[in-house]
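Source file: input.pdb (PDB, C-alpha atoms, pLDDT in the B column)
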ATOM      1  CA  ASN K  19      -3.537 -23.675  14.897  1.00 89.00           C
ATOM      2  CA  GLU K  20      -3.910 -20.788  12.457  1.00 90.00           C
ATOM      3  CA  ILE K  21      -2.989 -18.300  15.184  1.00 90.00           C
ATOM      4  CA  LEU K  22       0.000 -20.437  16.166  1.00 90.00           C
ATOM      5  CA  SER K  23       1.091 -20.635  12.542  1.00 92.00           C
ATOM      6  CA  ARG K  24       0.990 -16.835  12.226  1.00 91.00           C
ATOM      7  CA  LEU K  25       2.914 -16.446  15.490  1.00 92.00           C
ATOM      8  CA  LYS K  26       5.604 -18.841  14.306  1.00 92.00           C
ATOM      9  CA  LYS K  27       5.906 -17.038  10.979  1.00 93.00           C
ATOM     10  CA  ALA K  28       6.297 -13.662  12.700  1.00 93.00           C
ATOM     11  CA  TYR K  29       8.696 -15.185  15.246  1.00 92.00           C
ATOM     12  CA  LEU K  30      10.929 -16.622  12.520  1.00 94.00           C
ATOM     13  CA  SER K  31      10.962 -13.288  10.704  1.00 93.00           C
ATOM     14  CA  LYS K  32      12.003 -11.422  13.869  1.00 93.00           C
ATOM     15  CA  HIS K  33      14.553 -14.094  14.731  1.00 92.00           C
ATOM     16  CA  LYS K  34      16.077 -13.915  11.245  1.00 94.00           C
ATOM     17  CA  GLN K  35      16.349 -10.127  11.533  1.00 93.00           C
ATOM     18  CA  TYR K  36      17.873 -10.482  15.005  1.00 93.00           C
ATOM     19  CA  LYS K  37      20.540 -12.900  13.787  1.00 93.00           C
ATOM     20  CA  LYS K  38      21.365 -10.649  10.845  1.00 92.00           C
ATOM     21  CA  LEU K  39      21.948  -7.662  13.127  1.00 92.00           C
ATOM     22  CA  GLU K  40      24.099  -9.744  15.452  1.00 91.00           C
ATOM     23  CA  GLU K  41      26.239 -10.677  12.456  1.00 92.00           C
ATOM     24  CA  ASN K  42      26.466  -6.960  11.589  1.00 90.00           C
ATOM     25  CA  LEU K  43      27.807  -6.204  15.068  1.00 90.00           C
ATOM     26  CA  LEU K  44      30.541  -8.785  14.606  1.00 90.00           C
ATOM     27  CA  THR K  45      31.389  -7.204  11.258  1.00 90.00           C
ATOM     28  CA  TYR K  46      31.527  -3.758  12.866  1.00 89.00           C
ATOM     29  CA  ASP K  47      33.896  -5.038  15.542  1.00 89.00           C
ATOM     30  CA  LYS K  48      36.164  -6.422  12.858  1.00 91.00           C
ATOM     31  CA  LYS K  49      36.084  -3.132  10.951  1.00 91.00           C
ATOM     32  CA  PHE K  50      36.829  -1.220  14.160  1.00 87.00           C
ATOM     33  CA  GLY K  51      39.923  -3.348  14.670  1.00 89.00           C
ATOM     34  CA  GLU K  52      41.044  -2.736  11.111  1.00 90.00           C
ATOM     35  CA  LEU K  53      40.492   1.029  11.417  1.00 90.00           C
ATOM     36  CA  LYS K  54      42.489   1.149  14.667  1.00 89.00           C
ATOM     37  CA  LEU K  55      45.399  -0.632  13.022  1.00 91.00           C
ATOM     38  CA  GLU K  56      45.246   1.645   9.962  1.00 91.00           C
ATOM     39  CA  GLN K  57      45.137   4.759  12.174  1.00 89.00           C
ATOM     40  CA  ALA K  58      48.113   3.538  14.200  1.00 91.00           C
ATOM     41  CA  ASP K  59      50.052   2.921  11.009  1.00 91.00           C
ATOM     42  CA  LEU K  60      49.173   6.377   9.683  1.00 90.00           C
ATOM     43  CA  GLU K  61      50.174   7.968  13.002  1.00 89.00           C
ATOM     44  CA  GLU K  62      53.616   6.379  12.677  1.00 89.00           C
ATOM     45  CA  LYS K  63      53.964   7.559   9.101  1.00 87.00           C
ATOM     46  CA  ARG K  64      52.934  11.095  10.052  1.00 87.00           C
ATOM     47  CA  LYS K  65      55.736  11.226  12.613  1.00 86.00           C
ATOM     48  CA  VAL K  66      58.379  10.623   9.962  1.00 86.00           C
ATOM     49  CA  THR K  67      56.962  12.715   7.121  1.00 84.00           C
ATOM     50  CA  LYS K  68      59.462  15.055   5.525  1.00 83.00           C
ATOM     51  CA  THR K  69      57.184  17.387   3.563  1.00 88.00           C
ATOM     52  CA  GLN K  70      54.095  19.397   4.434  1.00 89.00           C
ATOM     53  CA  LYS K  71      52.209  17.894   1.554  1.00 89.00           C
ATOM     54  CA  GLU K  72      52.797  14.339   2.791  1.00 88.00           C
ATOM     55  CA  PHE K  73      51.818  15.416   6.296  1.00 89.00           C
ATOM     56  CA  GLU K  74      48.530  16.890   5.045  1.00 89.00           C
ATOM     57  CA  VAL K  75      47.694  13.762   3.014  1.00 90.00           C
ATOM     58  CA  ILE K  76      48.338  11.458   5.971  1.00 89.00           C
ATOM     59  CA  ASP K  77      46.513  13.784   8.360  1.00 89.00           C
ATOM     60  CA  LYS K  78      43.443  13.783   6.085  1.00 92.00           C
ATOM     61  CA  SER K  79      43.530   9.969   5.927  1.00 91.00           C
ATOM     62  CA  ILE K  80      43.597   9.824   9.730  1.00 90.00           C
ATOM     63  CA  ARG K  81      40.584  12.167   9.946  1.00 91.00           C
ATOM     64  CA  ASP K  82      38.726  10.053   7.369  1.00 92.00           C
ATOM     65  CA  LYS K  83      39.406   6.914   9.410  1.00 90.00           C
ATOM     66  CA  LYS K  84      38.117   8.604  12.559  1.00 91.00           C
ATOM     67  CA  GLU K  85      34.973   9.796  10.766  1.00 92.00           C
ATOM     68  CA  ARG K  86      34.407   6.268   9.482  1.00 91.00           C
ATOM     69  CA  GLU K  87      34.926   4.984  13.016  1.00 89.00           C
ATOM     70  CA  GLU K  88      32.289   7.421  14.337  1.00 91.00           C
ATOM     71  CA  GLU K  89      29.858   6.347  11.603  1.00 91.00           C
ATOM     72  CA  LEU K  90      30.346   2.713  12.538  1.00 89.00           C
ATOM     73  CA  HIS K  91      29.869   3.550  16.204  1.00 90.00           C
ATOM     74  CA  THR K  92      26.571   5.342  15.429  1.00 91.00           C
ATOM     75  CA  GLN K  93      25.406   2.438  13.286  1.00 91.00           C
ATOM     76  CA  MET K  94      26.327  -0.039  16.012  1.00 90.00           C
ATOM     77  CA  GLU K  95      24.335   1.888  18.624  1.00 92.00           C
ATOM     78  CA  GLN K  96      21.302   1.986  16.325  1.00 92.00           C
ATOM     79  CA  ASP K  97      21.569  -1.727  15.625  1.00 92.00           C
ATOM     80  CA  ARG K  98      21.937  -2.486  19.331  1.00 91.00           C
ATOM     81  CA  GLU K  99      18.693  -0.596  20.025  1.00 93.00           C
ATOM     82  CA  VAL K 100      16.926  -2.582  17.310  1.00 93.00           C
ATOM     83  CA  ILE K 101      18.413  -5.810  18.679  1.00 93.00           C
ATOM     84  CA  ASN K 102      17.099  -5.005  22.149  1.00 93.00           C
ATOM     85  CA  ASP K 103      13.621  -4.351  20.725  1.00 93.00           C
ATOM     86  CA  LEU K 104      13.791  -7.544  18.699  1.00 93.00           C
ATOM     87  CA  ARG K 105      14.946  -9.537  21.719  1.00 93.00           C
ATOM     88  CA  SER K 106      11.922  -8.272  23.665  1.00 93.00           C
ATOM     89  CA  ALA K 107       9.559  -9.022  20.762  1.00 93.00           C
ATOM     90  CA  ILE K 108      11.029 -12.510  20.322  1.00 93.00           C
ATOM     91  CA  ASN K 109      10.568 -13.189  24.022  1.00 94.00           C
ATOM     92  CA  ASP K 110       6.916 -12.065  23.776  1.00 93.00           C
ATOM     93  CA  TYR K 111       6.375 -14.317  20.736  1.00 92.00           C
ATOM     94  CA  GLU K 112       7.877 -17.272  22.588  1.00 94.00           C
ATOM     95  CA  ILE K 113       5.494 -16.681  25.512  1.00 94.00           C
ATOM     96  CA  ASP K 114       2.501 -16.313  23.155  1.00 93.00           C
ATOM     97  CA  MET K 115       3.455 -19.448  21.207  1.00 94.00           C
ATOM     98  CA  LYS K 116       3.827 -21.478  24.386  1.00 94.00           C
ATOM     99  CA  ARG K 117       0.453 -20.237  25.636  1.00 94.00           C
ATOM    100  CA  GLN K 118      -1.147 -21.018  22.280  1.00 94.00           C
ATOM    101  CA  GLU K 119       0.377 -24.503  22.208  1.00 94.00           C
ATOM    102  CA  GLU K 120      -0.997 -25.125  25.699  1.00 94.00           C
ATOM    103  CA  ASP K 121      -4.451 -23.937  24.572  1.00 94.00           C
ATOM    104  CA  ILE K 122      -4.268 -26.228  21.547  1.00 94.00           C
ATOM    105  CA  ALA K 123      -3.231 -29.163  23.730  1.00 95.00           C
ATOM    106  CA  ARG K 124      -6.168 -28.551  26.087  1.00 95.00           C
ATOM    107  CA  GLU K 125      -8.590 -28.195  23.196  1.00 94.00           C
ATOM    108  CA  GLN K 126      -7.227 -31.338  21.555  1.00 94.00           C
ATOM    109  CA  GLU K 127      -7.665 -33.177  24.832  1.00 96.00           C
ATOM    110  CA  ARG K 128     -11.275 -31.978  25.033  1.00 95.00           C
ATOM    111  CA  ILE K 129     -11.892 -32.986  21.411  1.00 96.00           C
ATOM    112  CA  ASN K 130     -10.396 -36.426  22.023  1.00 96.00           C
ATOM    113  CA  ALA K 131     -12.665 -36.871  25.043  1.00 96.00           C
ATOM    114  CA  GLU K 132     -15.698 -35.850  22.975  1.00 96.00           C
ATOM    115  CA  LEU K 133     -14.607 -38.166  20.168  1.00 96.00           C
ATOM    116  CA  ALA K 134     -14.315 -41.015  22.660  1.00 96.00           C
ATOM    117  CA  LYS K 135     -17.882 -40.343  23.831  1.00 96.00           C
ATOM    118  CA  VAL K 136     -19.146 -40.198  20.254  1.00 96.00           C
ATOM    119  CA  LYS K 137     -17.264 -43.376  19.371  1.00 96.00           C
ATOM    120  CA  LYS K 138     -18.748 -45.174  22.376  1.00 95.00           C
ATOM    121  CA  SER K 139     -22.221 -43.915  21.470  1.00 96.00           C
ATOM    122  CA  MET K 140     -21.739 -45.051  17.867  1.00 95.00           C
ATOM    123  CA  GLU K 141     -20.608 -48.492  19.016  1.00 95.00           C
ATOM    124  CA  GLU K 142     -23.722 -48.782  21.194  1.00 95.00           C
ATOM    125  CA  LEU K 143     -25.927 -47.689  18.302  1.00 93.00           C
ATOM    126  CA  GLU K 144     -24.217 -50.137  15.950  1.00 92.00           C
ATOM    127  CA  ALA K 145     -24.807 -52.928  18.471  1.00 92.00           C
ATOM    128  CA  LYS K 146     -28.499 -52.006  18.669  1.00 91.00           C
ATOM    129  CA  GLU K 147     -28.609 -51.770  14.887  1.00 85.00           C
ATOM    130  CA  ARG K 148     -27.246 -55.298  14.541  1.00 87.00           C
ATOM    131  CA  GLU K 149     -29.920 -56.574  16.937  1.00 87.00           C
ATOM    132  CA  VAL K 150     -32.669 -54.873  14.954  1.00 84.00           C
ATOM    133  CA  VAL K 151     -31.300 -55.874  11.555  1.00 82.00           C
ATOM    134  CA  GLU K 152     -31.440 -59.545  12.510  1.00 83.00           C
ATOM    135  CA  VAL K 153     -35.243 -59.464  12.660  1.00 84.00           C
ATOM    136  CA  ILE K 154     -35.844 -57.185   9.652  1.00 81.00           C
ATOM    137  CA  ASP K 155     -36.672 -58.512   6.212  1.00 82.00           C
ATOM    138  CA  GLU K 156     -33.592 -58.287   4.018  1.00 83.00           C
ATOM    139  CA  ASP K 157     -35.418 -56.658   1.083  1.00 85.00           C
ATOM    140  CA  PHE K 158     -36.929 -54.013   3.338  1.00 82.00           C
ATOM    141  CA  ARG K 159     -33.560 -53.357   4.984  1.00 83.00           C
ATOM    142  CA  ALA K 160     -31.893 -52.848   1.609  1.00 85.00           C
ATOM    143  CA  LYS K 161     -34.664 -50.477   0.528  1.00 85.00           C
ATOM    144  CA  PHE K 162     -34.514 -48.507   3.784  1.00 84.00           C
ATOM    145  CA  GLU K 163     -30.716 -48.200   3.658  1.00 85.00           C
ATOM    146  CA  LYS K 164     -30.993 -46.869   0.109  1.00 87.00           C
ATOM    147  CA  ILE K 165     -33.553 -44.295   1.250  1.00 87.00           C
ATOM    148  CA  VAL K 166     -31.278 -43.184   4.091  1.00 87.00           C
ATOM    149  CA  ARG K 167     -28.354 -42.752   1.694  1.00 87.00           C
ATOM    150  CA  ASN K 168     -30.428 -40.795  -0.818  1.00 86.00           C
ATOM    151  CA  LYS K 169     -32.106 -38.594   1.790  1.00 85.00           C
ATOM    152  CA  GLU K 170     -28.958 -37.502   3.650  1.00 82.00           C
ATOM    153  CA  GLY K 171     -29.563 -39.823   6.600  1.00 83.00           C
ATOM    154  CA  ARG K 172     -33.218 -38.861   7.158  1.00 87.00           C
ATOM    155  CA  GLY K 173     -35.110 -42.001   6.212  1.00 88.00           C
ATOM    156  CA  ILE K 174     -38.007 -41.864   8.705  1.00 91.00           C
ATOM    157  CA  VAL K 175     -40.305 -38.835   8.969  1.00 93.00           C
ATOM    158  CA  ALA K 176     -43.606 -37.957  10.587  1.00 94.00           C
ATOM    159  CA  LEU K 177     -46.939 -37.799   8.818  1.00 93.00           C
ATOM    160  CA  THR K 178     -48.779 -34.976  10.533  1.00 90.00           C
ATOM    161  CA  CYS K 179     -51.352 -32.319   9.672  1.00 90.00           C
ATOM    162  CA  GLY K 180     -52.143 -34.273   6.535  1.00 91.00           C
ATOM    163  CA  TYR K 181     -48.730 -34.159   4.856  1.00 92.00           C
ATOM    164  CA  CYS K 182     -45.311 -35.837   4.808  1.00 94.00           C
ATOM    165  CA  THR K 183     -42.844 -33.754   6.815  1.00 92.00           C
ATOM    166  CA  GLY K 184     -40.020 -34.984   4.615  1.00 91.00           C
ATOM    167  CA  CYS K 185     -41.215 -33.572   1.272  1.00 92.00           C
ATOM    168  CA  HIS K 186     -44.434 -31.757   2.380  1.00 92.00           C
ATOM    169  CA  LEU K 187     -46.641 -33.715   0.003  1.00 92.00           C
ATOM    170  CA  VAL K 188     -50.333 -33.580   0.995  1.00 94.00           C
ATOM    171  CA  LEU K 189     -51.547 -37.158   1.366  1.00 92.00           C
ATOM    172  CA  PRO K 190     -55.084 -38.609   1.016  1.00 92.00           C
ATOM    173  CA  GLN K 191     -57.043 -39.277   4.178  1.00 92.00           C
ATOM    174  CA  GLU K 192     -57.412 -42.990   3.489  1.00 93.00           C
ATOM    175  CA  PHE K 193     -53.649 -43.384   3.255  1.00 93.00           C
ATOM    176  CA  ILE K 194     -53.195 -41.314   6.422  1.00 92.00           C
ATOM    177  CA  ASN K 195     -55.565 -43.659   8.242  1.00 92.00           C
ATOM    178  CA  LYS K 196     -53.515 -46.644   7.101  1.00 92.00           C
ATOM    179  CA  VAL K 197     -50.325 -45.118   8.422  1.00 93.00           C
ATOM    180  CA  ARG K 198     -52.134 -44.231  11.634  1.00 92.00           C
ATOM    181  CA  SER K 199     -53.285 -47.821  12.111  1.00 91.00           C
ATOM    182  CA  ASN K 200     -49.649 -48.870  12.424  1.00 87.00           C
ATOM    183  CA  ASP K 201     -50.435 -52.314  11.017  1.00 88.00           C
ATOM    184  CA  LYS K 202     -47.531 -52.274   8.540  1.00 87.00           C
ATOM    185  CA  ILE K 203     -44.769 -50.043   7.209  1.00 87.00           C
ATOM    186  CA  TYR K 204     -45.771 -47.378   4.701  1.00 91.00           C
ATOM    187  CA  PHE K 205     -43.641 -45.176   2.498  1.00 91.00           C
ATOM    188  CA  CYS K 206     -44.303 -41.672   1.203  1.00 93.00           C
ATOM    189  CA  PRO K 207     -45.418 -41.978  -2.451  1.00 92.00           C
ATOM    190  CA  ASN K 208     -43.316 -38.924  -3.344  1.00 91.00           C
ATOM    191  CA  CYS K 209     -40.013 -39.035  -1.414  1.00 91.00           C
ATOM    192  CA  SER K 210     -40.132 -42.758  -0.461  1.00 88.00           C
ATOM    193  CA  ARG K 211     -39.289 -42.049   3.178  1.00 91.00           C
ATOM    194  CA  THR K 212     -40.710 -44.343   5.843  1.00 90.00           C
ATOM    195  CA  LEU K 213     -43.682 -42.703   7.560  1.00 93.00           C
ATOM    196  CA  TYR K 214     -45.002 -42.779  11.094  1.00 92.00           C
ATOM    197  CA  PHE K 215     -48.170 -41.067  12.268  1.00 93.00           C
ATOM    198  CA  LYS K 216     -47.968 -38.078  14.581  1.00 89.00           C
ATOM    199  CA  GLU K 217     -50.995 -36.337  16.033  1.00 83.00           C
ATOM    200  CA  ASP K 218     -51.734 -32.970  14.421  1.00 72.00           C
ATOM    201  CA  ASP K 219     -50.072 -30.060  16.192  1.00 53.00           C
ATOM    202  CA  VAL K 220     -52.632 -27.469  15.045  1.00 45.00           C
ATOM    203  CA  ALA K 221     -55.288 -26.259  17.469  1.00 41.00           C
ATOM    204  CA  GLY K 222     -58.373 -28.477  17.726  1.00 42.00           C
ATOM    205  CA  GLY K 223     -56.659 -31.349  15.972  1.00 44.00           C
ATOM    206  CA  GLU K 224     -57.576 -30.031  12.522  1.00 45.00           C
ATOM    207  CA  ASN K 225     -55.404 -31.072   9.625  1.00 46.00           C
ATOM    208  CA  ILE K 226     -54.751 -29.699   6.209  1.00 45.00           C
ATOM    209  CA  PHE K 227     -57.789 -31.459   4.717  1.00 45.00           C
ATOM    210  CA  SER K 228     -60.148 -29.107   6.575  1.00 41.00           C
ATOM    211  CA  ALA K 229     -59.222 -26.519   3.957  1.00 39.00           C
ATOM    212  CA  PHE K 230     -60.194 -28.792   1.054  1.00 41.00           C
ATOM    213  CA  GLY K 231     -63.383 -30.418   2.263  1.00 42.00           C
ATOM    214  CA  ASN K 232     -64.039 -34.173   2.171  1.00 43.00           C
ATOM    215  CA  ALA K 233     -60.990 -36.244   1.266  1.00 41.00           C
ATOM    216  CA  ASP K 234     -62.733 -39.623   1.151  1.00 44.00           C
ATOM    217  CA  ASP K 235     -62.689 -39.977  -2.649  1.00 43.00           C
ATOM    218  CA  ASP K 236     -58.948 -40.385  -3.135  1.00 44.00           C
ATOM    219  CA  ASP K 237     -58.568 -44.141  -3.602  1.00 44.00           C
ATOM    220  CA  ASP K 238     -56.747 -43.600  -6.886  1.00 44.00           C
ATOM    221  CA  PHE K 239     -54.179 -41.244  -5.368  1.00 41.00           C
ATOM    222  CA  PHE K 240     -51.863 -43.925  -4.042  1.00 43.00           C
ATOM    223  CA  ASN K 241     -52.020 -47.678  -3.795  1.00 44.00           C
ATOM    224  CA  ALA K 242     -50.290 -48.492  -0.513  1.00 42.00           C
ATOM    225  CA  GLU K 243     -49.777 -52.114  -1.486  1.00 44.00           C
ATOM    226  CA  ASP K 244     -47.504 -50.966  -4.343  1.00 42.00           C
TER     227      ASP K 244
END
I'd like the structure from this file rewritten - as structure tokens, please.
Amino acid sequence: NEILSRLKKAYLSKHKQYKKLEENLLTYDKKFGELKLEQADLEEKRKVTKTQKEFEVIDKSIRDKKEREEELHTQMEQDREVINDLRSAINDYEIDMKRQEEDIAREQERINAELAKVKKSMEELEAKEREVVEVIDEDFRAKFEKIVRNKEGRGIVALTCGYCTGCHLVLPQEFINKVRSNDKIYFCPNCSRTLYFKEDDVAGGENIFSAFGNADDDDDFFNAED
């Protein structure tokens, strides 16, 4: 669309210049007609002049008219060359604009098709969401929706390698075991995101607690019931 806008702007500028030169040609034609009439009138006057001085004055006027006629002719030829160049450029712009409009139409069609797919997918997800929401406690749903809004749509994260992948808080082993048991829903004590346990990705299954020794004495770190 930006390219098309620039093409249209350049096209209008060329077209305006083209029209102006065409108007100039019409003006030149009119001036040519006037000069011809003036020269014819002067030629008649020169035929009946009685003195040399009058003859010279009229003769000079005729030469001036012819010089002006030649100047106009030169200017007309120059303008015609520019008009021909402009006509070619305008034709090229029209072709480019048409091609660009066709590209935009194809891209818009592709976007509309993708939007239709996304819309259908969203409708399916919303239908699934309604099914799930029906069996979820209302208080928990309200809390979870608030978390999602506050965390830019990321309300559920993995607990792996001993820390929350949402905020990277290192969590006590006892709490990790509770999340791992999957007996209820637990939230990160720092970022409040809902947690699910994911096996450690590090070699040998070691987690972050191997660097700190025994993590059994951390009952006071977080009360999961709260």
- Take the point (47.6, 7.8, 10.7) as written in the file and pick out every residue within 8 Å of it, counting only C-alpha atoms; give the list as a list in words. Glu56, Gln57, Ala58, Asp59, Leu60, Glu61, Glu62, Lys63, Arg64, Ile76, Asp77, Ser79 and Ile80 of chain K
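Of the residues under consideration (K:Glu163, K:Glu120, K:Leu133, K:Cys185), K:Glu163 shows the shortest atom-to-atom contact distance to Glu147 in chain K when counting only C-alpha atoms.
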- Message: For the PyMOL selection byres ((chain K and resi 35-42) around 9), applied here, can you spell out every residue it catches as a PyMOL selection string?
- Response: chain K and resi 30-34+43-47+94+97-98+100-101+104-105+108
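The coordinates place CA of Val197 in chain K at 21.2 Å from CA of Val150 in chain K.
Counting from CA of Lys26 in chain K, the distance to CA of Gln93 in chain K is 29.1 Å.
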- Task: Between CA of Ile154 in chain K and CA of Cys209 in chain K, measure the distance and give it in Å to one decimal.
- Result: 21.7 Å
- Item | Residues in the PyMOL selection byres ((chain K and resi 211) around 8), expressed as a PyMOL selection string | chain K and resi 165+172-175+184+205-206+209-210+212-213
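You can rank K:Gly51, K:Val136, K:Leu22, K:Asp155 by their closest distance to Glu119 in chain K using all atoms listed in the file, and at the top of that list sits K:Leu22.
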Using all atoms of range 36-48 of chain K listed in the file and a margin of 4 Å per side, can you give the axis-aligned box centre and edge lengths in Å to one decimal, as JSON?
{"center_x": 27.0, "center_y": -8.3, "center_z": 13.2, "size_x": 26.3, "size_y": 17.1, "size_z": 12.7}
- Message: To test your reading of the syntax: which residues would the PyMOL selection byres ((chain K and resi 180) around 9) return for the file shown? Reply as a ChimeraX atom specification.
- Response: /K:177-179,181-182,187-191,194,218,225-227
- Task: Do a neighbour search on Ala176 in chain K at 6 Å with only C-alpha atoms, toss out local chain neighbours closer than 5 positions, and write the hits as a PyMOL selection string.
- Result: chain K and resi 183+213-216
Taking C-alpha atoms for each residue, export the selection above as a compact mmCIF listing (two decimals), in the frame of the given file.
# COMPACT_ATOMS: atom_id res chain seq x y z
CA THR K 183 -42.84 -33.75 6.82
CA LEU K 213 -43.68 -42.70 7.56
CA TYR K 214 -45.00 -42.78 11.09
CA PHE K 215 -48.17 -41.07 12.27
CA LYS K 216 -47.97 -38.08 14.58
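With all atoms listed in the file as the atoms that count, the residue of K:Glu132, K:Tyr204, K:Lys138, K:Ile113 with the shortest distance to Phe158 in chain K is K:Tyr204.
Minimum atom-to-atom distances from K:Glu88, K:Glu170, K:Asp114, K:Glu72 to Phe50 in chain K were compared using all atoms listed in the file, and the lowest value belongs to K:Glu88.
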